[in-house]
Amino acid sequence: MNILNRLRRAFADAAPEGLSADAFSQAVRPSTDPRFGDYQANGCMAAAKALGRNPRELAAEVASRVDLSPMAGPPEVAGPGFLNVRLIEDWIAAALGDLLADDRLGVEPVDDPETIIIDYSSPNVAKPMHVGHIRSTVIGESLSRILAAQGHKVIRDNHLGDWGLQFGQILWGWKHHLDRDAFERDPVGELARLYRLAAAKMKPAEDLGPRLAKVQALESQGKPDEAAALFARLFGDSGLSRPQAEAAVAEALAVAEAAREETAKLHAGDPENRKLWERFMPHCLEALEGIYQRLGVKFDVQLGESFYDAMLPEVVADLKAKGIAQTSAGATVVFTEATSAPMIVQKRDGAFTYATSDLAKIKYCEEEFDADRLLYVVDSRQADHFKQVFDVARSWGYSSVDFEHVAFGTILGRDRKPFKTRSGDVVGLESLLDEAVAKAREVVDENSAHLPEQERARIAEVVGIGAVKYADLSQNRLSDYVFDLDKMVAMNGNTATYLQYAYARTRSIFRKGETTPEAIRRARPPIFITHPAERALGLALLRLPETLDVAAAELKPNVLTDYLFGLANLFSSFFEECPVLKAESPERRDSRLALCDLTGRTLAFGLDLLGIEVVERM
RNA sequence: GCGCCCGUAGCUCAGCCGGAUAGAGCAGCGGUCUUCUAAACCGCCGGUCGCAGGUUCGAAUCCUGCCGGGCGCGCCA
C-alpha cells in the first residue's frame with residue numbers, strides 16, 4: 001500500500017478541467033513541515049495561472065471535490081493556494097494493523113517487472129582492491145537488492161578486468177623480479193607486488209615524459225637557454241639531473257613497451273604467457289571471493305574481459321560490415337555524435353580495447369538474457385566512454401534496451417584531490433574493513449562486556465562492515481567526497497550503527513517483556529495512536545513503499561538511508577517518551593509492542609536492501 | 001581549446017525535473033541513566049545556499065554571464 005500513490009490518484013480525479021490530471025497529481029508530495037499536514041497538493045497555483053483564475057478559489061473548489069476518504073478528510077486551503085492533507089489517526093492505526101500481518105511491509109511488486117542487468121564492482125583482478133573500489137561494489141549491490149525487492153528480475157554482473165595491460169605488467173614483473181618463495185607463501189601478495197613494481201617503473205613515462213618533451217621541443221627550436229630554464233623549473237622538485245631524467249623516462253618507456261608486448265603475446269595465445277595467466281587467475285579470483293563473501297556480495301554472472309575476447313574480431317567485423325566502423329589512421333574507429341573523439345574498437349597494433357569488450361558484452365547479454373535495462377555502476381569520469389558505447393550499441397541494433405550509466409563521484413583524499421593509489425600509500429579495502437571492525441570491537445567490549453566472546457566478535461564484524469558501507473551509501477552517489485577514515489568507521493549520529501542499535505532495542509524489549517514478535521503478529525492487537533510520537537512513528541512506517549519507489553526511480557540508495565535514519569530517530573523518541581512494557585493498560589502495551597515489531601522489521605528490511613546486517617543485541 | 005560535474009552552517013554532507021520560515025551528522029555549549037540498551041534522548045549556538053543578472057505568483061532548485069575547484073578529451077582500462 002502506497003499512501004502517496006493513493007493520494008495522487010484521488011487528486012487526479014479531482015483535477016480542474018482543462019488540465020493535465022497527471023501533472024496536477026504529480027504536484028502531490030509529502031509535506032515539508034508537519035505544520036502543513038502530512039501531504040500537500042501544490043498544483044493549484046500553477047493551474048490557476050494557466051486557467052486565469054484565483055488560486056485560492058480554485059484550491060477551495062478542488063478541496064470540496066476531492067475524495068480522500070477514508071484516509072483523510074477534505075484538505076485545507078493554505079497560503080497562496082496549497083492544499084494540506086492531514087491523515088486521520090484511526091486510518092493510520094488501521095493501516096498499521098494491516099501492515100503487522102504483511103510480511104512485505106506494504107511493498108508491492110511492480111506491475112511491469114523488467115529484466116535488469118547491473119554491472120558493478122568490476123575490479124581488475126590483478127590489483128588488490130582499495131577504498132576506491134568500494135563505491136561501485138556497495139552501491140551496485142544495494143541497487144540490485146532494491147530493484148529485486150520491487151519485483152524486477154535482477155542479474156548481477158561482475159565484468160572482471162582480467163585481460164588487460166595489468167597482466168602484461170605482472171608478466172613482465174614475473175619474468176624479471178619474481179620472488180619464488182614469496183609467491184609460494186602468498187601468491188596474491190606477490191602478484192600484487194609485481195604489479196606495483198611494474199607500475200612504479202612505468203610511472204616516469206607519464207610523469208616526466210611530457211615535461212621532458214617540452215624541454216626537448218625548445219632545444220630543437222634552437223633555444224637552449226630557455227630549455228635549460230624550463231628544465232630547472234619543471235624538474236627542480238624532482239632533484240633529477242638532465243641525464244637522470246632522460247634515463248628514468250627511457251627506462252619507463254622500455255618497461256611500458258615490454259609490458260605491452262607481454263600483453264600482446266598473451267592475447268595472441270603465446271603458450272608461456274597463457275599458461276602463467278591460467279596459473280594466476282585462480283589465486284586472483286580466490287582473493288576476490290574472500291572480500292565479496294565478507295561484504296555479502298554475490299554475482300549471478302562473473303565473466304571477465306577474457307571471456308569476451310574471442311567475440312571481439314566478430315564484433316569489429318560486424319561493425320565494419322554494417323558501415324558503422326571505419327578505418328582511421330590505421331585503427332578501426334566509430335565516429336559518434338556523443339563525443340568529439342571517435343571510439344576506438346581496434347588499435348593500430350591489432351589489439352582490441354575495452355570499448356570493444358563492452359560492446360561484445362552487450363551483445364552477449366542481449367542474446368543470453370534479453371534484458372530490458374542495462375545499468376553500469378561506474379565512476380562518473382567514464383561518462384564519455386559510456387556515452388560512446390551506448391550510442392554505438394544503439395546504432396548497432398540494440399535500440400530497445402535502456403542503457404544507463406549509474407555514475408558516482410570520485411573519492412578524494414584529504415587534499416581534495418582524487419584519491420590515487422600511490423604505491424606504498426594505499427588504503428587497502430581489507431585493512432579499512434579490519435580497522436572498522438576493530439573499532440567496533442572496542443565499543444562492544446566497552447558497552448557489552450557481559451556478552452560471550454563469540455557474540456561480541458560477530459557484533460563487531462556486522463557493525464564495522466555496516467559502518468563502512470553506510471558511510472558510502474548515505475552519500476548522494478553523484479557527489480565527490482573526501483575520504484575520511486574516522487567518518488567511515490564512526491558509530492554515532494547518522495550511521496549504520498545507529499540503525500542497528502535501534503533494531504536491537506526493538507528486539508530487546510520483547511525479551512524483557514517475555515514475549516515474541518511472532519506472538520504479537522499472530523495476536524494482531526488493535527493499534528492505538530494516542531501520542532504524537534506514536535503518530536509520527538506510525539506514519540513513517542507506512543512510508544516504506546513510497547520511499548523505495550523514489551530510491552529505485554533515481555537509483556539512489558541515500559534516499560533509503562535518509563528514510564531509515566528518520567525512522568530510527570522517530571523510534572528513539574518514541575522509545576523515550578512512550579513506556580511500552582509499563583504502558584497504562586495491556587491493550588496499550590500490545591499496541592506499542594506492535595509498533596516496536598514493525599519498526600524492527602522495517603529497519604532490518606531496509607538495512608538488508610543496503611546490504612547491511614543486524615544483530616539481536618549489541 | 002572542446003565537453004561534463006561541483007561551490008549550501010566551523011567541518012562532512014542532504015535537499016536540486018520550482019513551493020510556505022533551507023535540513024542532518026560531526027564539532028561546540030547546556031541538560032537527562034535507582035525506571036523497557038546513554039552506541040540513546042532533549043535543548044541551544046551556527047547559513048548574504050560562490051557572485052551578478054534573468055524567468056516566475058514563488059528560485060538553493062530553471063536560464064545567462066562571471067569567479068573558484070574538479071574531471072574527461074584516438075590507440076590505458
# chains A, B, ... in the order shown; residues from 1 in each chain; ligands from 1
$ interface_residues --of "chain A" --to "chain B" --cutoff "7 Å" --atoms "only C-alpha atoms (C1' of nucleotides)" --output "MDAnalysis selection string"
chainID A and resid 42 79 164 341:342 344 347:348 354 381 491:494 497:498 501 505 509 573 576 579:581
$ residues_around --residues "A:Lys320" --least-positions-apart "4" --cutoff "12 Å" --atoms "only C-alpha atoms (C1' of nucleotides)" --output "number ranges by chain"
A: 313-316, 324-327, 332-334, 345-346, 396
$ atom_distance --atom1 "atom CA of A:Ile612" --atom2 "atom CA of A:Lys469"
7.5 Å
$ select_by_dssp --residues "stretch 334-533 of chain A" --states "strand (DSSP E or B)" --output "NGL selection string"
:A and (334 or 343-346 or 352 or 373-379 or 402-408 or 411-412 or 418 or 428 or 481-482)
$ write_last_selection --atoms "N, CA, C and O atoms" --output "compact mmCIF listing (two decimals), in the first residue's frame"
# COMPACT_ATOMS: atom_id res chain seq x y z
N VAL A 334 34.86 4.18 -34.50
CA VAL A 334 33.49 4.55 -34.78
C VAL A 334 33.32 6.02 -34.40
O VAL A 334 33.62 6.40 -33.27
N MET A 343 35.42 6.55 -31.11
CA MET A 343 35.64 5.42 -30.21
C MET A 343 36.48 4.37 -30.94
O MET A 343 36.10 3.93 -32.04
N ILE A 344 37.58 4.00 -30.35
CA ILE A 344 38.47 3.03 -30.99
C ILE A 344 38.03 1.62 -30.62
O ILE A 344 37.91 1.29 -29.44
N VAL A 345 37.75 0.82 -31.63
CA VAL A 345 37.37 -0.56 -31.34
C VAL A 345 38.51 -1.54 -31.67
O VAL A 345 38.49 -2.68 -31.21
N GLN A 346 39.44 -1.08 -32.45
CA GLN A 346 40.63 -1.90 -32.68
C GLN A 346 41.82 -0.98 -32.92
O GLN A 346 41.78 -0.11 -33.78
N PHE A 352 42.38 -5.10 -29.35
CA PHE A 352 41.05 -4.53 -29.13
C PHE A 352 41.07 -3.71 -27.85
O PHE A 352 42.00 -3.80 -27.06
N ARG A 373 16.85 -3.49 -19.29
CA ARG A 373 17.72 -2.39 -18.87
C ARG A 373 19.11 -2.91 -18.57
O ARG A 373 19.27 -4.02 -18.07
N LEU A 374 20.09 -2.09 -18.86
CA LEU A 374 21.47 -2.42 -18.56
C LEU A 374 22.07 -1.26 -17.77
O LEU A 374 22.19 -0.16 -18.30
N LEU A 375 22.39 -1.50 -16.53
CA LEU A 375 22.92 -0.44 -15.68
C LEU A 375 24.41 -0.66 -15.44
O LEU A 375 24.84 -1.77 -15.17
N TYR A 376 25.15 0.42 -15.52
CA TYR A 376 26.59 0.35 -15.25
C TYR A 376 26.92 1.23 -14.06
O TYR A 376 26.81 2.46 -14.16
N VAL A 377 27.29 0.62 -12.96
CA VAL A 377 27.63 1.40 -11.77
C VAL A 377 29.13 1.66 -11.81
O VAL A 377 29.94 0.85 -11.34
N VAL A 378 29.47 2.77 -12.42
CA VAL A 378 30.87 3.06 -12.70
C VAL A 378 31.16 4.54 -12.43
O VAL A 378 30.28 5.40 -12.61
N ASP A 379 32.36 4.82 -12.03
CA ASP A 379 32.86 6.17 -11.77
C ASP A 379 32.41 7.17 -12.85
O ASP A 379 32.43 6.87 -14.04
N ASP A 402 17.37 -0.22 -22.54
CA ASP A 402 17.56 1.04 -21.86
C ASP A 402 18.92 1.03 -21.17
O ASP A 402 19.10 0.38 -20.15
N PHE A 403 19.89 1.71 -21.75
CA PHE A 403 21.23 1.76 -21.16
C PHE A 403 21.32 2.90 -20.16
O PHE A 403 20.77 3.98 -20.39
N GLU A 404 22.01 2.68 -19.09
CA GLU A 404 22.17 3.77 -18.14
C GLU A 404 23.52 3.68 -17.43
O GLU A 404 23.87 2.63 -16.89
N HIS A 405 24.23 4.77 -17.46
CA HIS A 405 25.47 4.85 -16.69
C HIS A 405 25.10 5.39 -15.32
O HIS A 405 24.79 6.56 -15.17
N VAL A 406 25.10 4.53 -14.32
CA VAL A 406 24.79 4.95 -12.95
C VAL A 406 26.10 5.46 -12.36
O VAL A 406 26.86 4.71 -11.73
N ALA A 407 26.35 6.73 -12.59
CA ALA A 407 27.65 7.29 -12.25
C ALA A 407 27.76 7.60 -10.76
O ALA A 407 26.75 7.83 -10.09
N PHE A 408 28.96 7.55 -10.27
CA PHE A 408 29.16 8.01 -8.90
C PHE A 408 30.42 8.86 -8.85
O PHE A 408 31.29 8.78 -9.71
N ILE A 411 36.26 9.55 -5.08
CA ILE A 411 36.70 9.66 -3.70
C ILE A 411 37.96 10.51 -3.67
O ILE A 411 38.92 10.24 -4.39
N LEU A 412 37.92 11.57 -2.88
CA LEU A 412 39.06 12.48 -2.81
C LEU A 412 39.88 12.22 -1.55
O LEU A 412 39.36 11.76 -0.55
N PRO A 418 41.71 13.83 -6.27
CA PRO A 418 41.28 12.44 -6.41
C PRO A 418 42.21 11.48 -5.69
O PRO A 418 43.43 11.60 -5.78
N GLY A 428 44.15 -0.18 1.64
CA GLY A 428 43.51 -1.36 1.08
C GLY A 428 42.11 -1.53 1.66
O GLY A 428 41.83 -1.11 2.77
N TYR A 481 33.40 12.84 -2.76
CA TYR A 481 33.50 13.10 -1.33
C TYR A 481 34.90 12.83 -0.82
O TYR A 481 35.67 12.08 -1.39
N VAL A 482 35.19 13.50 0.28
CA VAL A 482 36.50 13.40 0.88
C VAL A 482 36.56 12.14 1.75
O VAL A 482 35.74 11.97 2.65
$ residues_around --residues "B:G65" --least-positions-apart "5" --cutoff "12 Å" --atoms "only C-alpha atoms (C1' of nucleotides)" --output "list of chain:residue names"
B:C51, B:A52, B:G53, B:G54
$ residues_around --residues "A:Trp277" --least-positions-apart "5" --cutoff "10 Å" --atoms "only C-alpha atoms (C1' of nucleotides)" --output "list of chain:residue names"
A:Asp162, A:Trp163, A:Phe167, A:Gly168, A:Ile170, A:Leu171, A:Leu266, A:Pro271, A:Glu272, A:Pro282
$ write_last_selection --atoms "N, CA and C atoms" --output "PDB file, in the first residue's frame"
ATOM      1  N   ASP A 162      40.256  -8.843 -16.405  1.00  0.00           N
ATOM      2  CA  ASP A 162      41.189  -9.964 -16.241  1.00  0.00           C
ATOM      3  C   ASP A 162      42.023 -10.188 -17.497  1.00  0.00           C
ATOM      4  N   TRP A 163      42.143  -9.153 -18.312  1.00  0.00           N
ATOM      5  CA  TRP A 163      42.748  -9.412 -19.617  1.00  0.00           C
ATOM      6  C   TRP A 163      43.566  -8.235 -20.110  1.00  0.00           C
ATOM      7  N   PHE A 167      47.925  -7.419 -16.653  1.00  0.00           N
ATOM      8  CA  PHE A 167      48.537  -8.743 -16.703  1.00  0.00           C
ATOM      9  C   PHE A 167      49.875  -8.708 -17.429  1.00  0.00           C
ATOM     10  N   GLY A 168      49.966  -7.837 -18.404  1.00  0.00           N
ATOM     11  CA  GLY A 168      51.254  -7.655 -19.059  1.00  0.00           C
ATOM     12  C   GLY A 168      52.287  -7.160 -18.062  1.00  0.00           C
ATOM     13  N   ILE A 170      52.230  -7.661 -14.819  1.00  0.00           N
ATOM     14  CA  ILE A 170      52.574  -8.758 -13.914  1.00  0.00           C
ATOM     15  C   ILE A 170      53.488  -9.765 -14.607  1.00  0.00           C
ATOM     16  N   LEU A 171      53.180 -10.055 -15.859  1.00  0.00           N
ATOM     17  CA  LEU A 171      54.011 -10.995 -16.605  1.00  0.00           C
ATOM     18  C   LEU A 171      55.448 -10.481 -16.715  1.00  0.00           C
ATOM     19  N   LEU A 266      50.099 -12.458 -24.718  1.00  0.00           N
ATOM     20  CA  LEU A 266      49.011 -13.174 -24.036  1.00  0.00           C
ATOM     21  C   LEU A 266      47.777 -13.234 -24.928  1.00  0.00           C
ATOM     22  N   PRO A 271      51.945 -19.524 -25.645  1.00  0.00           N
ATOM     23  CA  PRO A 271      51.718 -20.606 -24.679  1.00  0.00           C
ATOM     24  C   PRO A 271      52.244 -20.284 -23.277  1.00  0.00           C
ATOM     25  N   GLU A 272      53.425 -19.688 -23.206  1.00  0.00           N
ATOM     26  CA  GLU A 272      54.001 -19.423 -21.885  1.00  0.00           C
ATOM     27  C   GLU A 272      53.135 -18.421 -21.102  1.00  0.00           C
ATOM     28  N   PRO A 282      43.237 -18.326 -10.748  1.00  0.00           N
ATOM     29  CA  PRO A 282      42.544 -18.898  -9.589  1.00  0.00           C
ATOM     30  C   PRO A 282      42.892 -18.182  -8.282  1.00  0.00           C
TER      31      PRO A 282
END
$ residues_around --residues "stretch 63-76 of chain A" --least-positions-apart "6" --cutoff "12 Å" --atoms "only C-alpha atoms (C1' of nucleotides)" --output "PyMOL selection string"
chain A and resi 2-16+25+28+35-44+55-57+82-95+539
$ write_last_selection --atoms "N, CA and C atoms" --output "compact mmCIF listing (two decimals), in the first residue's frame"
# COMPACT_ATOMS: atom_id res chain seq x y z
N ASN A 2 0.57 2.09 -0.93
CA ASN A 2 1.41 3.26 -1.13
C ASN A 2 0.54 4.51 -0.97
N ILE A 3 0.73 5.20 0.17
CA ILE A 3 -0.13 6.34 0.51
C ILE A 3 -0.05 7.42 -0.57
N LEU A 4 1.17 7.74 -0.95
CA LEU A 4 1.36 8.82 -1.92
C LEU A 4 0.62 8.54 -3.22
N ASN A 5 0.73 7.30 -3.69
CA ASN A 5 0.06 6.95 -4.94
C ASN A 5 -1.46 7.05 -4.81
N ARG A 6 -1.95 6.63 -3.65
CA ARG A 6 -3.41 6.70 -3.45
C ARG A 6 -3.88 8.15 -3.46
N LEU A 7 -3.12 9.00 -2.78
CA LEU A 7 -3.49 10.42 -2.76
C LEU A 7 -3.42 11.02 -4.17
N ARG A 8 -2.39 10.60 -4.90
CA ARG A 8 -2.24 11.15 -6.25
C ARG A 8 -3.41 10.75 -7.14
N ARG A 9 -3.84 9.51 -7.00
CA ARG A 9 -4.98 9.08 -7.81
C ARG A 9 -6.22 9.91 -7.46
N ALA A 10 -6.39 10.12 -6.15
CA ALA A 10 -7.56 10.88 -5.72
C ALA A 10 -7.53 12.31 -6.28
N PHE A 11 -6.36 12.92 -6.25
CA PHE A 11 -6.25 14.29 -6.75
C PHE A 11 -6.33 14.33 -8.27
N ALA A 12 -5.89 13.29 -8.92
CA ALA A 12 -6.01 13.24 -10.37
C ALA A 12 -7.48 13.26 -10.76
N ASP A 13 -8.30 12.52 -10.00
CA ASP A 13 -9.73 12.50 -10.28
C ASP A 13 -10.38 13.86 -10.05
N ALA A 14 -9.76 14.64 -9.18
CA ALA A 14 -10.36 15.94 -8.83
C ALA A 14 -9.67 17.10 -9.53
N ALA A 15 -8.82 16.80 -10.48
CA ALA A 15 -8.07 17.86 -11.15
C ALA A 15 -9.01 18.81 -11.87
N PRO A 16 -8.69 20.10 -11.87
CA PRO A 16 -9.54 21.07 -12.58
C PRO A 16 -9.65 20.72 -14.05
N SER A 25 -1.54 15.77 -10.38
CA SER A 25 -1.37 14.80 -9.29
C SER A 25 0.10 14.64 -8.91
N VAL A 28 1.43 16.44 -5.90
CA VAL A 28 1.15 15.99 -4.52
C VAL A 28 2.42 15.39 -3.96
N ARG A 35 3.60 21.24 10.24
CA ARG A 35 2.52 22.20 10.44
C ARG A 35 1.62 22.28 9.21
N PHE A 36 2.14 21.80 8.08
CA PHE A 36 1.34 21.84 6.85
C PHE A 36 0.69 20.49 6.58
N GLY A 37 0.52 19.70 7.63
CA GLY A 37 -0.11 18.41 7.46
C GLY A 37 0.89 17.35 7.07
N ASP A 38 0.36 16.23 6.55
CA ASP A 38 1.22 15.10 6.22
C ASP A 38 1.63 15.11 4.75
N TYR A 39 0.69 15.50 3.92
CA TYR A 39 0.96 15.60 2.48
C TYR A 39 0.40 16.92 2.00
N GLN A 40 0.89 17.40 0.89
CA GLN A 40 0.33 18.62 0.33
C GLN A 40 0.20 18.52 -1.18
N ALA A 41 -0.86 19.14 -1.69
CA ALA A 41 -1.06 19.20 -3.14
C ALA A 41 -0.74 20.63 -3.57
N ASN A 42 0.27 20.76 -4.42
CA ASN A 42 0.76 22.10 -4.75
C ASN A 42 0.39 22.54 -6.16
N GLY A 43 -0.51 21.79 -6.78
CA GLY A 43 -0.77 22.04 -8.20
C GLY A 43 -1.70 23.21 -8.49
N CYS A 44 -2.37 23.73 -7.47
CA CYS A 44 -3.42 24.73 -7.74
C CYS A 44 -2.87 26.07 -8.21
N PRO A 55 -6.12 31.46 -7.45
CA PRO A 55 -5.61 30.17 -6.96
C PRO A 55 -6.30 29.68 -5.69
N ARG A 56 -6.60 30.55 -4.79
CA ARG A 56 -7.25 30.10 -3.56
C ARG A 56 -8.67 29.60 -3.82
N GLU A 57 -9.36 30.28 -4.71
CA GLU A 57 -10.72 29.83 -5.07
C GLU A 57 -10.67 28.46 -5.72
N PHE A 82 -2.09 26.35 -1.43
CA PHE A 82 -1.67 24.99 -1.09
C PHE A 82 -2.88 24.23 -0.56
N LEU A 83 -2.88 22.91 -0.75
CA LEU A 83 -3.90 22.06 -0.16
C LEU A 83 -3.19 21.10 0.79
N ASN A 84 -3.47 21.25 2.05
CA ASN A 84 -2.79 20.43 3.05
C ASN A 84 -3.65 19.26 3.48
N VAL A 85 -3.05 18.08 3.42
CA VAL A 85 -3.77 16.85 3.76
C VAL A 85 -3.27 16.33 5.10
N ARG A 86 -4.20 16.07 5.97
CA ARG A 86 -3.83 15.50 7.26
C ARG A 86 -4.52 14.15 7.41
N LEU A 87 -3.73 13.11 7.53
CA LEU A 87 -4.29 11.77 7.62
C LEU A 87 -5.00 11.58 8.95
N ILE A 88 -6.05 10.77 8.92
CA ILE A 88 -6.85 10.53 10.12
C ILE A 88 -6.19 9.43 10.97
N GLU A 89 -6.07 9.68 12.26
CA GLU A 89 -5.39 8.74 13.15
C GLU A 89 -5.98 7.33 13.09
N ASP A 90 -7.30 7.25 13.04
CA ASP A 90 -7.93 5.93 13.01
C ASP A 90 -7.53 5.17 11.75
N TRP A 91 -7.39 5.92 10.67
CA TRP A 91 -6.99 5.25 9.43
C TRP A 91 -5.53 4.78 9.54
N ILE A 92 -4.66 5.63 10.09
CA ILE A 92 -3.26 5.24 10.28
C ILE A 92 -3.20 3.97 11.13
N ALA A 93 -3.97 3.97 12.20
CA ALA A 93 -3.96 2.82 13.10
C ALA A 93 -4.40 1.55 12.38
N ALA A 94 -5.45 1.68 11.58
CA ALA A 94 -5.96 0.51 10.86
C ALA A 94 -4.93 0.02 9.84
N ALA A 95 -4.29 0.98 9.15
CA ALA A 95 -3.29 0.62 8.14
C ALA A 95 -2.11 -0.08 8.79
N LEU A 539 3.22 6.76 11.03
CA LEU A 539 3.15 7.29 9.66
C LEU A 539 4.43 6.95 8.89
$ residues_around --residues "A:Gly464" --least-positions-apart "3" --cutoff "12 Å" --atoms "only C-alpha atoms (C1' of nucleotides)" --output "ChimeraX atom specification"
/A:294-295,430-444,456-461,467-471,487-491,495-497,500,612-614
